[in-house]
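> For reference, the structure I am asking about is given below.
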Amino acid sequence: MSSDKNSTDGAQNQHYVPKFILRNFLQNEDKERVSVFEKSTGRGFITQIKNIMAERRFHEFAVDDDHFASFEGVAGKMEDLIIETYSRIVKQGKLNRSDEERSYLVFFLAFQFLRTRASRDRFLELEQQLSDKLCKDGQTLEDISGLGYAPSTEDDLKVQHIDFIQSSIKEFTEIIAGKDFFLMSAPAGRAFYLGDNPVSLHNSLKPRSDFLGNIGLSVTGIELYMPLSSKLMLCAWCPSIIEGLRKTQIQQAKEAKATAFSGVTAGKITMLQMKEYLEYADCIVTPVTELITNFDSGTPILCDTNNMDFYNSLQMNYAKQFVICKNSDFALARKFLDTSSEHDHKGFGSIV
């Protein structure tokens with residue numbers, strides 16, 4: 001869409017994390033206020049959702065001196081596609097496991113992954129990295145680009161970012177569609193953080209090499225996390241993880257039965273003792289069994305304190321600048337800042 005550059009239409013803050021998501025993290029519902037932690041300063045503050053995870057004309061760029069083009073309308077239509085499914089999941093607190101639901105969630109994750117300020121700034125970061133590399137070799141970007149080179153402007157970044165979203169959304173949805181989707185829920189008294197770059201990635205597997213790393217949408221073992229509300233988080237895991245848990249569950253059950261039967265055969269335990277042992281063995285297998293049962297049924301897996309610290313630390317790590325917490329509990333955020341320079345998060349633990 002092209003409009004008069006002096007027009008006030010669209011001049012309001014435009015969100016890269018939608019307001020329909022922010023409303024599920026409200027500290028004050030009547031005034032639509034959220035409690036925010038700022039990474040760069042370590043301070044907390046309260047503001048209305050219209051002011052946060054948004055920028056003035058974020059989706060607009062100048063076409064010439066008199067006109068600008070806008071991606072805001074397209075972004076709004078994309079949000080409209082997911083809002084009904086999103087709202088139902090938050091309200092019901094479970095997935096219905098339908099193909100329609102899955103398709104909407106796949107698109108939702110892909111679009112939210114691509115649309116943030118952090119995603120846009122990667123273009124500038126790549127330019128800076130290239131400039132730094134050339135500088136070490138005694139060259140500059142001007143040297144290899146000719147006399148016409150100039151550093152990217154904010155409008156340049158907007159065009160690159162919007163083009164990247166349009167050209168990449170299909171590929172990203174196809175990759176994410178291959179993941180296993182399920183939910184996690186926060187325990188009483190705890191709330192999920194929501195960062196301004198809310199689709200976070202983690203991988204429990206060691207990198208194949210220092211060069212390749214282990215973070216990427218297509219990498220084996222990758223885990224994606226997106227908080228839907230202060231109490232509910234959407235998870236998308238590499239299928240190898242759930243498959244591995246199913247195999248673990250079956251193997252543990254087989255080993256328990258084999259041990260019990262051999263004990264009876266050898267006359268070391270009675271039939272009653274064997275029954276008691278198998279019941280005890282079921283308790284040992286239960287955590288994996290419960291996780292798989294919840295996964296299959298679409299009901300949330302309940303996090304414990306360590307899980308919550310881990311997932312909230314991921315939101316802190318991926319956030320560009322701001323993190324929201326319904327409970328205004330930023331003790332973990334401050335701890336994260338204290339330890340992030342040392343990359344020390346050994347006190348946090350994932351669900352597996």
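If you're wondering about the labels, chains in the structure tokens are A, B, ... by order shown, residues count from 1 in each chain, ligands from 1 in order shown.
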Gln160 of chain A: which residues within 9 Å, counting only C-alpha atoms, same-chain residues fewer than 5 positions away excluded, as a list of chain:residue names?
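Listing them by chain and then by number gives A:Arg120, A:Phe123, A:Asp155, A:Ile165.
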> How about saving the chosen residues, N, CA, C and O atoms kept, as a compact mmCIF listing (two decimals), in the first residue's frame?

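Okay, this is what ended up in again.txt:
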# COMPACT_ATOMS: atom_id res chain seq x y z
N ARG A 120 14.85 -8.36 12.22
CA ARG A 120 15.24 -7.28 11.30
C ARG A 120 16.68 -6.87 11.52
O ARG A 120 17.44 -6.64 10.57
N PHE A 123 20.06 -8.30 9.75
CA PHE A 123 20.61 -7.80 8.49
C PHE A 123 21.72 -6.77 8.76
O PHE A 123 22.76 -6.77 8.11
N ASP A 155 15.10 2.51 6.53
CA ASP A 155 14.21 2.13 5.43
C ASP A 155 14.78 0.95 4.65
O ASP A 155 14.03 0.06 4.22
N ILE A 165 10.67 -11.84 4.86
CA ILE A 165 9.46 -12.50 5.36
C ILE A 165 8.67 -13.10 4.21
O ILE A 165 8.27 -14.28 4.25
> Compile the contact shell of segment 311-315 of chain A as a compact mmCIF listing (two decimals) with C-alpha atoms, in the first residue's frame: residues with an atom at most 9 Å away, counting only C-alpha atoms, same-chain residues fewer than 2 positions apart removed.

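Below you can see result-v7.txt, which holds the result:
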# COMPACT_ATOMS: atom_id res chain seq x y z
CA ALA A 191 4.25 -17.21 35.17
CA PHE A 192 5.92 -17.57 31.79
CA TYR A 193 7.98 -14.62 30.60
CA LEU A 194 7.22 -13.16 27.18
CA GLY A 195 10.18 -11.63 25.38
CA ASP A 196 10.10 -9.26 22.41
CA ASN A 197 11.63 -12.07 20.29
CA PRO A 198 9.36 -14.77 21.72
CA VAL A 199 10.06 -17.85 19.57
CA SER A 200 13.09 -19.28 21.37
CA LEU A 201 15.19 -22.28 20.32
CA HIS A 202 17.08 -24.87 22.35
CA TYR A 225 9.09 -22.50 22.53
CA MET A 226 6.49 -19.73 22.29
CA PRO A 227 4.56 -18.53 25.38
CA ASN A 306 13.59 -25.70 37.39
CA ASN A 307 11.68 -26.05 34.12
CA MET A 308 10.18 -22.59 34.56
CA ASP A 309 13.57 -21.03 35.26
CA ASN A 317 18.33 -14.83 26.13
CA TYR A 318 16.39 -14.33 22.90
CA ALA A 319 14.81 -10.99 23.82
CA VAL A 323 10.59 -9.07 28.70
CA LEU A 332 15.28 -14.53 37.44
CA ALA A 333 15.75 -11.79 34.82
CA PHE A 336 20.22 -13.96 34.14
CA HIS A 345 22.81 -21.46 33.27
CA PHE A 348 18.20 -24.33 34.96
CA GLY A 349 16.74 -27.52 33.53
CA SER A 350 14.53 -28.42 30.55
> Could you pull out the strand (DSSP E or B) residues of segment 20-258 of chain A from DSSP and send them as an MDAnalysis selection string?
chainID A and resid 28 33:38 43:48 54:56 60:62 67:70 180:185 194:195 200:203 222:227 232:237
> Could you write out that same residue set with N, CA and C atoms as a compact mmCIF listing (two decimals), in the first residue's frame?

# COMPACT_ATOMS: atom_id res chain seq x y z
N ASN A 28 -2.46 -5.37 34.62
CA ASN A 28 -3.70 -4.63 34.92
C ASN A 28 -4.61 -4.73 33.71
N ARG A 33 -2.34 -2.81 31.00
CA ARG A 33 -0.96 -2.53 31.34
C ARG A 33 -0.19 -3.83 31.58
N VAL A 34 1.08 -3.79 31.24
CA VAL A 34 1.96 -4.93 31.46
C VAL A 34 3.17 -4.50 32.27
N SER A 35 3.75 -5.47 32.97
CA SER A 35 4.96 -5.24 33.75
C SER A 35 6.15 -5.67 32.91
N VAL A 36 7.09 -4.76 32.71
CA VAL A 36 8.18 -4.94 31.75
C VAL A 36 9.55 -4.87 32.42
N PHE A 37 10.46 -5.71 31.95
CA PHE A 37 11.87 -5.66 32.36
C PHE A 37 12.70 -5.27 31.15
N GLU A 38 13.56 -4.28 31.32
CA GLU A 38 14.43 -3.79 30.24
C GLU A 38 15.83 -4.35 30.41
N ARG A 43 16.09 -2.35 34.66
CA ARG A 43 14.99 -1.74 35.42
C ARG A 43 13.66 -2.35 35.01
N GLY A 44 12.70 -2.31 35.92
CA GLY A 44 11.35 -2.73 35.62
C GLY A 44 10.42 -1.54 35.59
N PHE A 45 9.35 -1.62 34.77
CA PHE A 45 8.39 -0.52 34.71
C PHE A 45 7.05 -1.05 34.21
N ILE A 46 6.01 -0.25 34.38
CA ILE A 46 4.65 -0.59 33.94
C ILE A 46 4.28 0.31 32.76
N THR A 47 3.68 -0.28 31.73
CA THR A 47 3.23 0.52 30.59
C THR A 47 2.04 -0.15 29.93
N GLN A 48 1.33 0.58 29.11
CA GLN A 48 0.22 0.02 28.34
C GLN A 48 0.77 -0.77 27.15
N ALA A 54 6.56 -2.76 20.03
CA ALA A 54 6.02 -2.05 18.87
C ALA A 54 6.90 -0.83 18.61
N GLU A 55 6.85 -0.33 17.39
CA GLU A 55 7.57 0.89 17.04
C GLU A 55 6.72 1.71 16.08
N ARG A 56 6.92 2.99 16.11
CA ARG A 56 6.21 3.87 15.19
C ARG A 56 6.62 3.54 13.75
N GLU A 60 6.41 0.28 7.85
CA GLU A 60 6.31 1.24 6.75
C GLU A 60 7.69 1.76 6.34
N PHE A 61 7.85 2.03 5.05
CA PHE A 61 9.12 2.57 4.56
C PHE A 61 8.85 3.56 3.44
N ALA A 62 9.78 4.50 3.29
CA ALA A 62 9.62 5.56 2.30
C ALA A 62 9.84 5.03 0.89
N HIS A 67 5.89 9.74 -0.46
CA HIS A 67 5.04 8.58 -0.23
C HIS A 67 5.77 7.48 0.54
N PHE A 68 4.99 6.64 1.23
CA PHE A 68 5.55 5.48 1.89
C PHE A 68 4.68 4.26 1.56
N ALA A 69 5.27 3.08 1.70
CA ALA A 69 4.56 1.82 1.53
C ALA A 69 4.41 1.15 2.88
N SER A 70 3.35 0.35 3.06
CA SER A 70 3.08 -0.24 4.36
C SER A 70 2.81 -1.73 4.27
N ASP A 180 6.79 -31.86 16.34
CA ASP A 180 5.75 -32.36 17.23
C ASP A 180 5.28 -31.22 18.13
N PHE A 181 3.98 -30.92 18.09
CA PHE A 181 3.42 -29.81 18.86
C PHE A 181 2.76 -30.31 20.15
N PHE A 182 2.98 -29.56 21.24
CA PHE A 182 2.30 -29.84 22.49
C PHE A 182 2.37 -28.59 23.37
N LEU A 183 1.75 -28.66 24.55
CA LEU A 183 1.69 -27.52 25.45
C LEU A 183 2.39 -27.82 26.77
N MET A 184 2.87 -26.76 27.43
CA MET A 184 3.35 -26.84 28.80
C MET A 184 2.61 -25.79 29.61
N SER A 185 2.40 -26.07 30.90
CA SER A 185 1.70 -25.13 31.78
C SER A 185 2.58 -24.76 32.96
N LEU A 194 7.39 -13.37 28.62
CA LEU A 194 7.22 -13.16 27.18
C LEU A 194 8.23 -12.13 26.73
N GLY A 195 9.18 -12.55 25.89
CA GLY A 195 10.18 -11.63 25.38
C GLY A 195 9.75 -11.00 24.07
N SER A 200 11.73 -18.93 20.96
CA SER A 200 13.09 -19.28 21.37
C SER A 200 13.42 -20.71 20.96
N LEU A 201 14.72 -20.97 20.76
CA LEU A 201 15.19 -22.28 20.32
C LEU A 201 16.18 -22.85 21.33
N HIS A 202 16.14 -24.18 21.46
CA HIS A 202 17.08 -24.87 22.35
C HIS A 202 17.36 -26.24 21.77
N ASN A 203 18.53 -26.78 22.09
CA ASN A 203 18.88 -28.13 21.66
C ASN A 203 19.71 -28.79 22.75
N ILE A 222 16.16 -30.13 17.74
CA ILE A 222 15.79 -28.73 18.03
C ILE A 222 14.44 -28.65 18.73
N GLU A 223 14.34 -27.69 19.66
CA GLU A 223 13.12 -27.45 20.42
C GLU A 223 12.72 -25.98 20.25
N LEU A 224 11.46 -25.71 19.90
CA LEU A 224 10.95 -24.35 19.76
C LEU A 224 9.94 -24.08 20.86
N TYR A 225 9.99 -22.87 21.45
CA TYR A 225 9.09 -22.50 22.53
C TYR A 225 8.51 -21.12 22.29
N MET A 226 7.17 -21.00 22.45
CA MET A 226 6.49 -19.73 22.29
C MET A 226 5.40 -19.60 23.36
N PRO A 227 5.60 -18.72 24.37
CA PRO A 227 4.56 -18.53 25.38
C PRO A 227 3.28 -17.98 24.74
N LEU A 232 0.52 -20.66 29.87
CA LEU A 232 0.53 -21.69 28.82
C LEU A 232 1.61 -21.39 27.78
N MET A 233 2.35 -22.41 27.38
CA MET A 233 3.40 -22.26 26.38
C MET A 233 3.26 -23.31 25.29
N LEU A 234 3.40 -22.87 24.04
CA LEU A 234 3.39 -23.76 22.89
C LEU A 234 4.80 -24.27 22.63
N CYS A 235 4.92 -25.58 22.42
CA CYS A 235 6.22 -26.21 22.17
C CYS A 235 6.18 -26.96 20.84
N ALA A 236 7.26 -26.91 20.10
CA ALA A 236 7.39 -27.65 18.84
C ALA A 236 8.77 -28.31 18.84
N TRP A 237 8.77 -29.62 18.98
CA TRP A 237 10.02 -30.38 19.10
C TRP A 237 10.32 -31.19 17.85
> Can you pull out every residue within 12 Å of Tyr104 of chain A, counting only C-alpha atoms, but drop anything in the same chain fewer than 4 positions away, and send it as a list of chain:residue names?
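These residues fall inside the cut-off: A:Met78, A:Glu79, A:Asp80, A:Leu81, A:Ile82, A:Ile83, A:Glu84, A:Thr85, A:Tyr86, A:Ser87, A:Ile89, A:Leu95, A:Arg97, A:Ser98, A:Asp99, A:Glu100, A:Phe108, A:Leu109, A:Ala110, A:Phe111, A:Thr173, A:Ile176, A:Ala177, A:Phe181.
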> Output C-alpha atoms of each residue in that selection to a file, as a CSV table (one decimal), in the first residue's frame.

chain,number,residue,atom,x,y,z
A,78,MET,CA,-1.9,-12.7,9.0
A,79,GLU,CA,-2.8,-12.1,12.6
A,80,ASP,CA,-6.5,-12.5,11.8
A,81,LEU,CA,-5.8,-16.0,10.4
A,82,ILE,CA,-4.5,-17.3,13.8
A,83,ILE,CA,-6.4,-15.3,16.4
A,84,GLU,CA,-9.4,-17.6,16.6
A,85,THR,CA,-7.3,-20.8,17.1
A,86,TYR,CA,-5.0,-19.0,19.4
A,87,SER,CA,-7.8,-17.7,21.6
A,89,ILE,CA,-6.3,-22.9,22.9
A,95,LEU,CA,-4.8,-28.7,21.8
A,97,ARG,CA,-5.0,-32.2,17.5
A,98,SER,CA,-6.9,-31.3,14.3
A,99,ASP,CA,-5.1,-30.8,11.0
A,100,GLU,CA,-6.7,-27.3,10.8
A,108,PHE,CA,1.8,-18.7,13.6
A,109,LEU,CA,5.2,-19.8,14.8
A,110,ALA,CA,6.8,-19.2,11.4
A,111,PHE,CA,5.4,-15.7,11.0
A,173,THR,CA,6.3,-23.2,7.6
A,176,ILE,CA,8.1,-26.2,11.3
A,177,ALA,CA,5.3,-28.4,10.0
A,181,PHE,CA,3.4,-29.8,18.9
> Using only C-alpha atoms, which of A:Gly42, A:Pro207, A:Gly244, A:Pro18 sits nearest Ala331 of chain A?
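Of all the options, A:Gly42 lies closest to Ala331 of chain A.
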> Env of Glu290 of chain A: 10 Å cut, atoms = only C-alpha atoms, seq-sep filter 6 positions within chain, self excluded. Answer as a list in words.
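The residues satisfying every condition are Asp296, Ile301 and Leu302 of chain A.
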> What separation in Å, quoted to one decimal, exists between atom CA of Asn294 of chain A and atom CA of Lys94 of chain A?
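Answer for the atom CA of Asn294 of chain A to atom CA of Lys94 of chain A separation: 9.6 Å.
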> Any idea what's packed within 7 Å of Glu72 of chain A, counting only C-alpha atoms, ignoring anything in its chain fewer than 3 positions away? Could you give it as a list in words?
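Surrounding residues, per the criterion: His59, Ala75 and Gly76 of chain A.
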> Hey, which of A:Phe172, A:Arg117, A:Lys39, A:Gly221 ends up closest to Lys335 of chain A? Count only C-alpha atoms.
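Result for the nearest residue to Lys335 of chain A: A:Lys39.
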> Which residue gives the smallest distance to Gly73 of chain A among A:His15, A:Lys91, A:Lys50, A:Lys268, with only C-alpha atoms counted?
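Of A:His15, A:Lys91, A:Lys50, A:Lys268, the one nearest Gly73 of chain A is A:His15, counting only C-alpha atoms.
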> I'd like the neighbourhood of Arg122 of chain A as a list in words, where a residue qualifies if any of its atoms comes within 12 Å (using only C-alpha atoms), though same-chain residues fewer than 5 positions away should be ignored.
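Listing them by chain and then by number gives Leu114, Arg115, Thr116, Arg117, Glu127, Gln128, Gln129, Leu157, Lys158, Gln160, His161, Phe164 and Lys320 of chain A.
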> Take the residues from that selection and write them out as a PDB file, in the first residue's frame, keeping N, CA, C and O atoms.

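Full text of out-v9.pdb as output:
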ATOM      1  N   LEU A 114       9.745 -14.725  12.281  1.00  0.00           N
ATOM      2  CA  LEU A 114      10.344 -13.867  11.271  1.00  0.00           C
ATOM      3  C   LEU A 114      10.135 -12.372  11.488  1.00  0.00           C
ATOM      4  O   LEU A 114      10.930 -11.563  11.017  1.00  0.00           O
ATOM      5  N   ARG A 115       9.093 -11.984  12.198  1.00  0.00           N
ATOM      6  CA  ARG A 115       8.604 -10.607  12.126  1.00  0.00           C
ATOM      7  C   ARG A 115       9.194  -9.627  13.133  1.00  0.00           C
ATOM      8  O   ARG A 115       8.890  -8.434  13.086  1.00  0.00           O
ATOM      9  N   THR A 116      10.020 -10.035  14.050  1.00  0.00           N
ATOM     10  CA  THR A 116      10.426  -9.183  15.166  1.00  0.00           C
ATOM     11  C   THR A 116      11.535  -8.185  14.813  1.00  0.00           C
ATOM     12  O   THR A 116      12.201  -8.296  13.778  1.00  0.00           O
ATOM     13  N   ARG A 117      11.740  -7.247  15.710  1.00  0.00           N
ATOM     14  CA  ARG A 117      12.853  -6.304  15.571  1.00  0.00           C
ATOM     15  C   ARG A 117      14.189  -7.029  15.596  1.00  0.00           C
ATOM     16  O   ARG A 117      15.108  -6.691  14.850  1.00  0.00           O
ATOM     17  N   GLU A 127      25.863  -7.120   8.139  1.00  0.00           N
ATOM     18  CA  GLU A 127      26.624  -6.068   7.465  1.00  0.00           C
ATOM     19  C   GLU A 127      27.809  -5.640   8.322  1.00  0.00           C
ATOM     20  O   GLU A 127      28.920  -5.445   7.817  1.00  0.00           O
ATOM     21  N   GLN A 128      27.588  -5.522   9.640  1.00  0.00           N
ATOM     22  CA  GLN A 128      28.648  -5.114  10.549  1.00  0.00           C
ATOM     23  C   GLN A 128      29.730  -6.183  10.658  1.00  0.00           C
ATOM     24  O   GLN A 128      30.923  -5.878  10.697  1.00  0.00           O
ATOM     25  N   GLN A 129      29.300  -7.447  10.694  1.00  0.00           N
ATOM     26  CA  GLN A 129      30.268  -8.550  10.761  1.00  0.00           C
ATOM     27  C   GLN A 129      31.154  -8.585   9.522  1.00  0.00           C
ATOM     28  O   GLN A 129      32.367  -8.808   9.609  1.00  0.00           O
ATOM     29  N   LEU A 157      16.639  -1.418   5.860  1.00  0.00           N
ATOM     30  CA  LEU A 157      16.422  -2.599   6.697  1.00  0.00           C
ATOM     31  C   LEU A 157      14.978  -3.066   6.628  1.00  0.00           C
ATOM     32  O   LEU A 157      14.698  -4.275   6.585  1.00  0.00           O
ATOM     33  N   LYS A 158      14.042  -2.114   6.617  1.00  0.00           N
ATOM     34  CA  LYS A 158      12.626  -2.477   6.533  1.00  0.00           C
ATOM     35  C   LYS A 158      12.333  -3.220   5.233  1.00  0.00           C
ATOM     36  O   LYS A 158      11.638  -4.238   5.242  1.00  0.00           O
ATOM     37  N   GLN A 160      14.468  -4.900   3.294  1.00  0.00           N
ATOM     38  CA  GLN A 160      15.120  -6.208   3.342  1.00  0.00           C
ATOM     39  C   GLN A 160      14.334  -7.189   4.215  1.00  0.00           C
ATOM     40  O   GLN A 160      14.135  -8.357   3.855  1.00  0.00           O
ATOM     41  N   HIS A 161      13.879  -6.673   5.366  1.00  0.00           N
ATOM     42  CA  HIS A 161      13.156  -7.524   6.307  1.00  0.00           C
ATOM     43  C   HIS A 161      11.821  -7.995   5.732  1.00  0.00           C
ATOM     44  O   HIS A 161      11.490  -9.187   5.786  1.00  0.00           O
ATOM     45  N   PHE A 164      12.353 -10.468   3.052  1.00  0.00           N
ATOM     46  CA  PHE A 164      12.777 -11.749   3.616  1.00  0.00           C
ATOM     47  C   PHE A 164      11.577 -12.522   4.162  1.00  0.00           C
ATOM     48  O   PHE A 164      11.477 -13.741   3.975  1.00  0.00           O
ATOM     49  N   LYS A 320      15.408  -9.058  22.520  1.00  0.00           N
ATOM     50  CA  LYS A 320      16.265  -7.967  22.072  1.00  0.00           C
ATOM     51  C   LYS A 320      16.435  -6.923  23.168  1.00  0.00           C
ATOM     52  O   LYS A 320      17.548  -6.477  23.456  1.00  0.00           O
TER      53      LYS A 320
END
> So, counting only C-alpha atoms, which residue among A:Phe20, A:Gly189, A:Cys135, A:Thr220 is closest to Pro239 of chain A?
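Of the candidates, the smallest distance to Pro239 of chain A is held by A:Thr220.
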